[in-house]
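Some notes on the structure that comes next.
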Amino acid sequence: MYDVGLWAVVFGIIGARLYHVITVPDQYFGPNYDGTGDLSKIFAIWEGGIAIWGAIGGGALGVWFACRRYGLRMPAMADTIAPGILLAQAVGRWGNYFNQELFGEPSTLPWGLEVEPDHYNFPADVPADTLFHPTFLYESIWNLLGVAILLLIDRRFKLRNGMMLWSYIVWYTLGRIPIESIRLDKAQEWTVLGIEARTNTWTSVLMFLIAVTLLVYSIVTRPKTPAEQAEADKIYRDDYVSEEDAADSPVDSSTTLNNEVATSDNGDTSNPTT
C-alpha cells in the first residue's frame, strides 16, 4: 500500500498542477494566450495553484500504474482507498482557510468568514468588514459526512466491484456543484446549452453523470454468490507472482533440460530457427 500511495501522490501533484494551469491559463500564457504570461511560473507550485480534480485524475493514473506494476486489482484497490481520499479532501480544504482563498460570496450569516481587508484575495468592490461564505468549511463538512455515510453503507451492503469508488464521486460532486457556484475566485467559465458556469462546475457535472452510470453498472454486475464475493475482495491478481516469491522458487534447470530433450525427441518443429 505504501508503494501505491507513493505513485498516487506523485501523479496526483502533477495532475493537480496541470489542471490548474489549463483551467487558469492567463497567468502562464497571458490573456487569450497572447504570450504575455510567465511560463516559468508553471513549475512554481510553491506559489499555490493546485486543483482537486487534477489531483483525483492524476492520482487515479498513479494507482493504475502501481496496480499494473505490483499485481494489484484496480477495482478492489480503488474501493479500498476511496473513503480515505474523501477524508483527505476534508482535511485539505482547511488549507484554503489558512491561505484566505477560494471563499464564497458575501454573507451575513453568523458563521461568515472574515478575510483581512489588505489581503490580495479580498474583493475590491466590497466594504472592509464584509464577511464571506466559508466554502472550505461547507465542503469539509460535506466530505466528512460522506466518509461516515459511505462506510456505514459499505458495512451493510459491502460495496465492491467499483461501487465504493463511484459512490464517492457521486457524493462529492453532489456537494461540489452548489458550493462551486458561490465561490468568488477568478475562473474560466463555459456556456453549455445556454447555461454559463465555471470549469470546475462542468467537470463536476460530467463526473457525476459518469459516476452514476458506472455505479448503476457496478450494482447490476455486482458479485452475488459467496465465491464471487470472495473473488471481488482479492487485492492481488491471480496471475501475479511477487519478486520475492519468484526468487524463493527458482526454476529447476534439470527439469527444463529434460523437457527440452523430450521435445527434441518428439520432433517438435513448432518453433524453428529462422
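Residue numbering restarts at 1 in every chain; chains get A, B, ... in the order shown in the C-alpha cells, and ligands count up from 1 in that same order.
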Would you mind listing what lies within 12 Å of Leu144 of chain A as a ChimeraX atom specification, with only C-alpha atoms counted and same-chain residues fewer than 4 positions away left out? /A:83-93,137-140,148-151,168,171-172,175
So that I have them on file, write out the residues from the current selection with N, CA and C atoms, as a PDB file, in the first residue's frame.
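And here is the file that came out, selection.pdb:
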```pdb
ATOM      1  N   PRO A  83     -12.728   6.029   0.467  1.00  0.00           N
ATOM      2  CA  PRO A  83     -13.098   6.804   1.663  1.00  0.00           C
ATOM      3  C   PRO A  83     -11.932   7.626   2.205  1.00  0.00           C
ATOM      4  N   GLY A  84     -10.723   7.088   2.093  1.00  0.00           N
ATOM      5  CA  GLY A  84      -9.550   7.825   2.551  1.00  0.00           C
ATOM      6  C   GLY A  84      -9.299   9.078   1.736  1.00  0.00           C
ATOM      7  N   ILE A  85      -9.576   9.010   0.434  1.00  0.00           N
ATOM      8  CA  ILE A  85      -9.420  10.188  -0.417  1.00  0.00           C
ATOM      9  C   ILE A  85     -10.391  11.279   0.012  1.00  0.00           C
ATOM     10  N   LEU A  86     -11.628  10.893   0.277  1.00  0.00           N
ATOM     11  CA  LEU A  86     -12.636  11.869   0.699  1.00  0.00           C
ATOM     12  C   LEU A  86     -12.266  12.494   2.039  1.00  0.00           C
ATOM     13  N   LEU A  87     -11.704  11.687   2.941  1.00  0.00           N
ATOM     14  CA  LEU A  87     -11.249  12.211   4.228  1.00  0.00           C
ATOM     15  C   LEU A  87     -10.098  13.193   4.025  1.00  0.00           C
ATOM     16  N   ALA A  88      -9.166  12.842   3.137  1.00  0.00           N
ATOM     17  CA  ALA A  88      -8.039  13.733   2.853  1.00  0.00           C
ATOM     18  C   ALA A  88      -8.521  15.056   2.265  1.00  0.00           C
ATOM     19  N   GLN A  89      -9.547  15.002   1.423  1.00  0.00           N
ATOM     20  CA  GLN A  89     -10.103  16.226   0.858  1.00  0.00           C
ATOM     21  C   GLN A  89     -10.726  17.098   1.945  1.00  0.00           C
ATOM     22  N   ALA A  90     -11.371  16.459   2.914  1.00  0.00           N
ATOM     23  CA  ALA A  90     -11.983  17.208   4.014  1.00  0.00           C
ATOM     24  C   ALA A  90     -10.925  17.964   4.810  1.00  0.00           C
ATOM     25  N   VAL A  91      -9.800  17.319   5.045  1.00  0.00           N
ATOM     26  CA  VAL A  91      -8.712  17.953   5.794  1.00  0.00           C
ATOM     27  C   VAL A  91      -8.009  18.997   4.932  1.00  0.00           C
ATOM     28  N   GLY A  92      -7.759  18.647   3.677  1.00  0.00           N
ATOM     29  CA  GLY A  92      -7.028  19.541   2.792  1.00  0.00           C
ATOM     30  C   GLY A  92      -7.726  20.862   2.547  1.00  0.00           C
ATOM     31  N   ARG A  93      -9.047  20.877   2.580  1.00  0.00           N
ATOM     32  CA  ARG A  93      -9.786  22.117   2.346  1.00  0.00           C
ATOM     33  C   ARG A  93      -9.458  23.200   3.372  1.00  0.00           C
ATOM     34  N   LEU A 137     -15.293  25.319   4.602  1.00  0.00           N
ATOM     35  CA  LEU A 137     -15.959  24.638   5.713  1.00  0.00           C
ATOM     36  C   LEU A 137     -17.135  23.813   5.209  1.00  0.00           C
ATOM     37  N   TYR A 138     -17.898  24.360   4.286  1.00  0.00           N
ATOM     38  CA  TYR A 138     -19.029  23.623   3.722  1.00  0.00           C
ATOM     39  C   TYR A 138     -18.555  22.320   3.084  1.00  0.00           C
ATOM     40  N   GLU A 139     -17.495  22.437   2.277  1.00  0.00           N
ATOM     41  CA  GLU A 139     -17.013  21.241   1.588  1.00  0.00           C
ATOM     42  C   GLU A 139     -16.372  20.261   2.563  1.00  0.00           C
ATOM     43  N   SER A 140     -15.674  20.769   3.564  1.00  0.00           N
ATOM     44  CA  SER A 140     -15.045  19.893   4.545  1.00  0.00           C
ATOM     45  C   SER A 140     -16.097  19.092   5.312  1.00  0.00           C
ATOM     46  N   ALA A 148     -18.519   9.095   6.558  1.00  0.00           N
ATOM     47  CA  ALA A 148     -19.322   8.337   7.519  1.00  0.00           C
ATOM     48  C   ALA A 148     -20.431   7.555   6.821  1.00  0.00           C
ATOM     49  N   ILE A 149     -21.122   8.196   5.891  1.00  0.00           N
ATOM     50  CA  ILE A 149     -22.238   7.540   5.198  1.00  0.00           C
ATOM     51  C   ILE A 149     -21.745   6.395   4.327  1.00  0.00           C
ATOM     52  N   LEU A 150     -20.669   6.607   3.587  1.00  0.00           N
ATOM     53  CA  LEU A 150     -20.147   5.553   2.713  1.00  0.00           C
ATOM     54  C   LEU A 150     -19.684   4.339   3.514  1.00  0.00           C
ATOM     55  N   LEU A 151     -19.036   4.585   4.649  1.00  0.00           N
ATOM     56  CA  LEU A 151     -18.574   3.464   5.469  1.00  0.00           C
ATOM     57  C   LEU A 151     -19.754   2.709   6.080  1.00  0.00           C
ATOM     58  N   TYR A 168     -18.420   7.396  -4.014  1.00  0.00           N
ATOM     59  CA  TYR A 168     -17.625   8.531  -3.529  1.00  0.00           C
ATOM     60  C   TYR A 168     -17.704   9.711  -4.493  1.00  0.00           C
ATOM     61  N   TRP A 171     -21.193  11.295  -4.439  1.00  0.00           N
ATOM     62  CA  TRP A 171     -21.391  12.098  -3.235  1.00  0.00           C
ATOM     63  C   TRP A 171     -20.617  13.410  -3.327  1.00  0.00           C
ATOM     64  N   TYR A 172     -19.358  13.327  -3.718  1.00  0.00           N
ATOM     65  CA  TYR A 172     -18.524  14.528  -3.755  1.00  0.00           C
ATOM     66  C   TYR A 172     -19.072  15.564  -4.731  1.00  0.00           C
ATOM     67  N   GLY A 175     -22.091  17.671  -3.685  1.00  0.00           N
ATOM     68  CA  GLY A 175     -21.772  18.801  -2.825  1.00  0.00           C
ATOM     69  C   GLY A 175     -20.959  19.865  -3.536  1.00  0.00           C
TER      70      GLY A 175
END
```
Just the residues within 10 Å of Val21 of chain A, please, counting only C-alpha atoms, with nothing from its chain fewer than 3 positions along; format it as a short mmCIF file (atom, residue, chain, number, x, y, z; two decimals) with C-alpha atoms, in the first residue's frame.
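Dumped everything to selection_30.cif:
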```cif
data_model
loop_
_atom_site.label_atom_id
_atom_site.label_comp_id
_atom_site.auth_asym_id
_atom_site.auth_seq_id
_atom_site.Cartn_x
_atom_site.Cartn_y
_atom_site.Cartn_z
CA GLY A 15 -2.22 16.26 -12.25
CA ALA A 16 -3.35 18.90 -9.76
CA ARG A 17 -0.89 21.42 -11.14
CA LEU A 18 -1.61 20.67 -14.80
CA VAL A 24 -6.48 29.26 -15.19
CA PRO A 25 -4.10 29.95 -18.08
CA ASP A 26 -3.84 33.77 -18.10
CA GLN A 27 -1.03 33.93 -15.54
CA TYR A 28 1.09 31.49 -17.52
CA PHE A 29 0.19 32.17 -21.17
CA LYS A 41 5.52 30.03 -13.15
CA ILE A 42 4.02 26.78 -14.42
CA PHE A 43 6.54 24.95 -12.23
CA GLY A 49 -2.31 26.73 -7.63
CA ILE A 50 -3.43 23.11 -7.49
CA ALA A 51 -6.83 21.66 -8.33
#
```
As a check of understanding: the span from atom CA of Pro226 of chain A to atom CA of Asn161 of chain A is 14.0 Å
- Message: Residues near Ser167 of chain A, anyone? I mean within 8 Å using only C-alpha atoms, not counting same-chain ones fewer than 6 positions away, as a PyMOL selection string.
- Response: chain A and resi 150+211-212+215
- Task: Based on DSSP run over this structure's backbone, return all residues of segment 55-255 of chain A in alpha helix (DSSP H), as a PyMOL selection string.
- Result: chain A and resi 55-70+74-92+94-99+135-157+163-180+199-220+226-232+243-248+253-255
If you count only C-alpha atoms, which residues fall within 9 Å of segment 179-191 of chain A, apart from same-chain ones fewer than 2 positions away, as a PyMOL selection string?
-> chain A and resi 23-25+101-105+121+123+133+135-136+138-139+175-177+193-202
Which residues in segment 93-173 of chain A does DSSP call strand (DSSP E or B)? List them as a VMD selection string.
chain A and resid 104 106 113 to 114 131 to 132
Once you count only C-alpha atoms, what closest atom pair and distance in Å to one decimal does each residue of segment 136-208 of chain A within 12 Å of segment 54-77 of chain A have, with rows by chain and rising residue number, as CSV?
```
residue,atom,partner,partner_atom,distance
A:Lys158,CA,A:Ala76,CA,11.7
A:Leu159,CA,A:Ala76,CA,9.8
A:Arg160,CA,A:Ala76,CA,7.0
A:Asn161,CA,A:Pro75,CA,5.8
A:Gly162,CA,A:Pro75,CA,5.1
A:Met163,CA,A:Pro75,CA,8.8
A:Met164,CA,A:Pro75,CA,9.3
A:Leu165,CA,A:Pro75,CA,8.2
A:Trp166,CA,A:Pro75,CA,10.4
A:Tyr168,CA,A:Ile56,CA,11.7
A:Ile169,CA,A:Ile56,CA,10.0
A:Tyr172,CA,A:Ile56,CA,11.6
A:Asn200,CA,A:Gly54,CA,10.3
A:Thr203,CA,A:Gly54,CA,10.4
A:Ser204,CA,A:Gly54,CA,11.8
A:Met207,CA,A:Gly57,CA,10.9
```
